[in-house]
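Next comes data02.tsv, with TSV, C-alpha atoms.
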```
chain	number	residue	atom	x	y	z
A	1	MET	CA	0.00	0.00	0.00
A	2	LYS	CA	1.42	3.36	-1.05
A	3	THR	CA	0.45	6.64	0.52
A	4	SER	CA	1.72	10.15	-0.06
A	5	THR	CA	2.14	13.24	2.03
A	6	THR	CA	3.43	16.76	1.45
A	7	LEU	CA	6.50	18.00	3.34
A	8	LYS	CA	7.82	21.55	3.64
A	9	THR	CA	11.57	21.71	3.29
A	10	LEU	CA	14.31	24.30	2.99
A	11	ARG	CA	16.46	24.40	-0.15
A	12	VAL	CA	19.60	26.48	0.41
A	13	ILE	CA	20.08	29.28	-2.14
A	14	GLY	CA	23.47	30.21	-0.73
A	15	ASP	CA	25.75	31.14	2.15
A	16	PHE	CA	27.24	34.62	1.96
A	17	LYS	CA	30.04	36.20	4.00
A	18	VAL	CA	29.25	39.83	4.77
A	19	GLN	CA	31.75	42.35	6.11
A	20	LEU	CA	30.08	45.51	7.35
A	21	GLY	CA	31.71	48.67	6.06
A	22	ASN	CA	31.94	52.22	7.40
A	23	LEU	CA	31.82	51.23	11.06
A	24	ASN	CA	34.46	53.71	12.17
A	25	THR	CA	33.37	56.11	14.87
A	26	SER	CA	34.63	58.88	17.13
A	27	VAL	CA	33.62	58.77	20.77
A	28	ILE	CA	33.90	61.55	23.36
A	29	LEU	CA	34.47	59.82	26.68
A	30	ASN	CA	32.49	60.97	29.73
A	31	ASN	CA	35.58	60.92	31.99
A	32	PRO	CA	39.27	61.61	31.31
A	33	ALA	CA	41.06	58.39	30.27
A	34	GLN	CA	44.65	57.26	30.20
A	35	GLU	CA	44.13	53.77	28.73
A	36	ILE	CA	41.44	51.75	26.92
A	37	LEU	CA	41.24	48.37	28.64
A	38	GLU	CA	38.62	46.68	26.45
A	39	VAL	CA	35.79	47.30	24.03
A	40	ARG	CA	33.05	44.68	24.23
A	41	MET	CA	30.92	44.38	21.12
A	42	GLN	CA	27.55	42.81	20.36
A	43	VAL	CA	25.33	42.83	17.25
A	44	GLY	CA	21.59	43.22	17.81
A	45	ASN	CA	18.30	44.50	16.44
A	46	LEU	CA	18.89	42.53	13.23
A	47	SER	CA	16.25	42.80	10.53
A	48	TRP	CA	16.16	42.31	6.77
A	49	GLU	CA	14.13	43.12	3.70
A	50	ILE	CA	13.97	40.72	0.76
A	51	PHE	CA	14.18	41.95	-2.83
A	52	ARG	CA	14.84	40.20	-6.13
A	53	ASN	CA	18.53	39.15	-6.09
A	54	LYS	CA	19.22	41.29	-2.98
A	55	ILE	CA	18.74	41.39	0.78
A	56	MET	CA	19.05	44.57	2.83
A	57	LEU	CA	20.37	43.95	6.36
A	58	GLN	CA	19.85	46.44	9.19
A	59	GLY	CA	20.97	46.32	12.78
A	60	THR	CA	22.96	47.87	15.58
A	61	VAL	CA	26.45	47.26	16.97
A	62	PHE	CA	26.39	47.80	20.73
A	63	LEU	CA	29.68	48.82	22.37
A	64	ASN	CA	30.74	48.79	26.01
A	65	ILE	CA	33.97	50.79	26.30
A	66	ILE	CA	35.97	49.98	29.45
A	67	TYR	CA	38.77	52.40	30.25
A	68	LYS	CA	41.12	53.42	33.04
A	69	GLY	CA	40.75	56.94	34.38
A	70	THR	CA	43.63	59.40	34.78
A	71	ASP	CA	45.63	59.74	38.01
A	72	ASN	CA	43.26	62.53	39.00
A	73	ASN	CA	40.63	59.81	39.45
A	74	ASN	CA	42.98	57.48	41.39
A	75	GLY	CA	42.99	54.88	38.58
A	76	ILE	CA	39.26	54.22	38.69
A	77	VAL	CA	37.90	52.02	35.85
A	78	PHE	CA	34.96	53.47	33.92
A	79	HIS	CA	32.68	52.12	31.24
A	80	GLN	CA	30.60	53.85	28.61
A	81	SER	CA	27.95	52.43	26.29
A	82	GLU	CA	27.62	53.44	22.65
A	83	SER	CA	25.67	52.08	19.69
A	84	ILE	CA	26.19	52.28	15.93
A	85	ASP	CA	23.41	51.57	13.44
A	86	PHE	CA	24.25	49.91	10.12
A	87	MET	CA	22.60	49.05	6.83
A	88	GLU	CA	24.18	46.73	4.26
A	89	HIS	CA	22.96	45.44	0.89
A	90	VAL	CA	23.93	41.86	0.00
A	91	ASP	CA	23.66	40.54	-3.55
A	92	VAL	CA	22.03	37.10	-3.60
A	93	PRO	CA	21.99	35.75	-7.16
A	94	GLY	CA	18.88	33.72	-7.91
A	95	LEU	CA	16.85	35.12	-5.01
A	96	ALA	CA	13.25	35.65	-6.05
A	97	PRO	CA	10.67	35.74	-3.26
A	98	GLY	CA	7.74	33.51	-4.10
A	99	LEU	CA	6.72	29.92	-4.76
A	100	LYS	CA	8.89	27.99	-7.19
A	101	LEU	CA	7.15	26.23	-10.07
A	102	PRO	CA	8.93	24.50	-12.96
A	103	ASN	CA	10.81	27.22	-14.92
A	104	LYS	CA	9.20	30.16	-13.08
A	105	VAL	CA	8.52	31.73	-9.70
A	106	VAL	CA	5.02	32.86	-8.71
A	107	LEU	CA	5.21	35.91	-6.46
A	108	PRO	CA	2.81	36.02	-3.53
A	109	ALA	CA	0.76	39.19	-3.19
A	110	GLN	CA	2.24	39.91	0.26
A	111	ASN	CA	4.86	38.61	2.69
A	112	PRO	CA	7.88	37.20	0.81
A	113	GLU	CA	9.08	35.98	4.24
A	114	GLU	CA	6.58	33.10	3.91
A	115	THR	CA	8.68	31.55	1.12
A	116	ILE	CA	12.24	32.68	1.98
A	117	ASP	CA	14.15	31.81	5.16
A	118	VAL	CA	17.04	34.09	6.23
A	119	GLN	CA	19.48	33.18	8.99
A	120	ILE	CA	22.26	35.50	10.18
A	121	TYR	CA	25.25	34.44	12.27
A	122	VAL	CA	27.98	36.68	13.72
A	123	SER	CA	31.31	35.18	12.66
A	124	GLU	CA	33.80	37.84	13.82
A	125	LEU	CA	33.87	40.96	16.00
A	126	ASP	CA	37.08	42.94	16.46
A	127	TYR	CA	38.24	46.53	16.95
A	128	ALA	CA	41.23	48.85	16.84
A	129	SER	CA	41.30	51.95	19.02
A	130	ILE	CA	43.29	55.16	19.13
A	131	LEU	CA	42.99	57.18	22.34
A	132	THR	CA	43.90	60.85	22.29
A	133	PRO	CA	43.86	61.69	26.00
A	134	PRO	CA	41.94	62.73	27.84
A	135	PHE	CA	38.53	62.41	26.08
A	136	ASP	CA	38.85	61.53	22.35
A	137	LEU	CA	38.62	57.92	21.17
A	138	GLU	CA	38.70	56.71	17.55
A	139	LEU	CA	37.32	53.20	16.97
A	140	ASN	CA	37.68	51.11	13.83
A	141	LEU	CA	35.28	48.16	14.03
A	142	LEU	CA	35.39	44.88	12.16
A	143	VAL	CA	32.06	43.01	11.96
A	144	ARG	CA	31.69	39.91	9.79
A	145	LEU	CA	28.39	38.07	9.40
A	146	LEU	CA	27.37	34.84	7.71
A	147	LEU	CA	24.09	35.12	5.83
A	148	LYS	CA	22.29	31.87	4.95
A	149	VAL	CA	19.37	32.18	2.53
A	150	SER	CA	16.98	29.30	1.79
A	151	ARG	CA	13.73	28.85	-0.11
A	152	ILE	CA	10.79	27.06	1.52
A	153	GLU	CA	9.51	24.40	-0.88
A	154	GLN	CA	6.85	21.72	-0.67
A	155	LEU	CA	7.71	18.21	-1.79
A	156	GLU	CA	5.31	15.35	-2.31
A	157	VAL	CA	6.65	12.20	-0.66
A	158	PHE	CA	5.38	8.68	-1.37
A	159	ILE	CA	5.70	6.34	1.61
A	160	ASN	CA	5.76	2.57	1.35
A	161	GLY	CA	3.80	1.43	4.41
A	162	VAL	CA	5.56	-1.95	4.59
A	163	ASN	CA	9.15	-0.95	5.38
A	164	GLY	CA	9.02	2.87	5.67
A	165	VAL	CA	10.92	3.52	2.42
A	166	PHE	CA	10.03	6.84	0.84
A	167	ARG	CA	10.95	8.74	-2.31
A	168	PHE	CA	10.66	12.35	-3.40
A	169	CYS	CA	8.84	13.43	-6.52
A	170	SER	CA	8.72	16.81	-8.20
A	171	PRO	CA	7.97	19.83	-5.96
A	172	VAL	CA	4.32	20.50	-5.28
A	173	THR	CA	3.40	24.16	-5.04
A	174	ARG	CA	0.12	25.84	-4.50
A	175	ASN	CA	-0.87	29.27	-5.76
A	176	GLN	CA	-2.00	31.21	-2.70
A	177	GLY	CA	-3.76	33.85	-4.81
```
Re-express the file's structure as structure tokens.
Amino acid sequence: MKTSTTLKTLRVIGDFKVQLGNLNTSVILNNPAQEILEVRMQVGNLSWEIFRNKIMLQGTVFLNIIYKGTDNNNGIVFHQSESIDFMEHVDVPGLAPGLKLPNKVVLPAQNPEETIDVQIYVSELDYASILTPPFDLELNLLVRLLLKVSRIEQLEVFINGVNGVFRFCSPVTRNQG
């Protein structure tokens, strides 16, 4: 006895390495400093917009600047929070939001996120700093992300009820319009 069912699956369009540009900033410190001890970085507020052959990434790099005060402050350690917003366009060849049919893509009327899956991973965070005592700090930030883009597809699967063997057939898509 053969039965069939429909499965939703992800088909990877591609993995893309993204290095964020123009993330250099000048910071005026709240207290006089003699040394930068550490800059802790975190990427947050990530969002994206999907276009044909392109994804626009937006987010914020949060900084926690830890520095040693001057002798006037008896060597007290201070910290200061800063944030830098970014926007980056990533070319994704073959990206077309919509349901894939043989030799064409049918665009849904709304919500391309229903057919495209985007995953973003932070792969590297680093910085270089130049302190001009007592208050001026120049930061050059390095942020690298890994962008994984997949298409949600439906596959019809035939299951052999005797020994659980199954096989995939051509993709089954439904027009949601």
Stretch 46-55 of chain A surroundings by all atoms listed in the file, 9 Å radius, close-in-sequence under 4 positions cut, as a list in words: Gly59, Thr60, Glu88, His89, Val90, Asp91, Val92, Pro93, Gly94, Leu95, Ala96, Pro97, Pro112, Glu113, Ile116, Val118 and Ile120 of chain A
For A:Arg40, the closest of A:Leu7, A:Phe78, A:Leu125, A:Ile152 counting only C-alpha atoms is A:Leu125
Atom pair atom CA of A:Leu145 / atom CA of A:Leu57: separation (Å):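 One can read the atom CA of A:Leu145 to atom CA of A:Leu57 distance as 10.4 Å.
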Atomic distance atom CA of A:Asn64 - atom CA of A:Ile76, expressed in Å with one decimal: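 One can read the atom CA of A:Asn64 to atom CA of A:Ile76 distance as 16.2 Å.
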Just to confirm, what's the straight-line distance from atom CA of A:Asp136 to atom CA of A:Gln19 in Å (one decimal)?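 Pair atom CA of A:Asp136 / atom CA of A:Gln19 returns 26.1 Å.
Residue nearest A:Glu35, chosen from A:Arg144, A:Arg151, A:His79, A:Arg11 and counting only C-alpha atoms: A:His79.
Candidate residues A:Asn22, A:Val143, A:Thr9, A:Thr115 were compared for distance to A:Gln42, and the nearest is A:Val143, using all atoms listed in the file.
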Top pick for closest residue to A:Thr6, considering A:Val157, A:Leu139, A:Val39, A:Met87 and counting only C-alpha atoms: A:Val157
Using all atoms listed in the file, which of A:Val27, A:Leu10, A:Leu155, A:Met56 sits nearest A:Ser83?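 Among the listed residues, A:Val27 lies closest to A:Ser83.
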A:Val122, A:Val77, A:Ile28, A:Ile66 ranked by distance to A:Leu142, top pick (using all atoms listed in the file): A:Val122
Please list as a ChimeraX atom specification every residue within 8 Å of A:Leu146, counting only C-alpha atoms and excluding residues in the same chain fewer than 4 positions away. /A:15-18,120-123
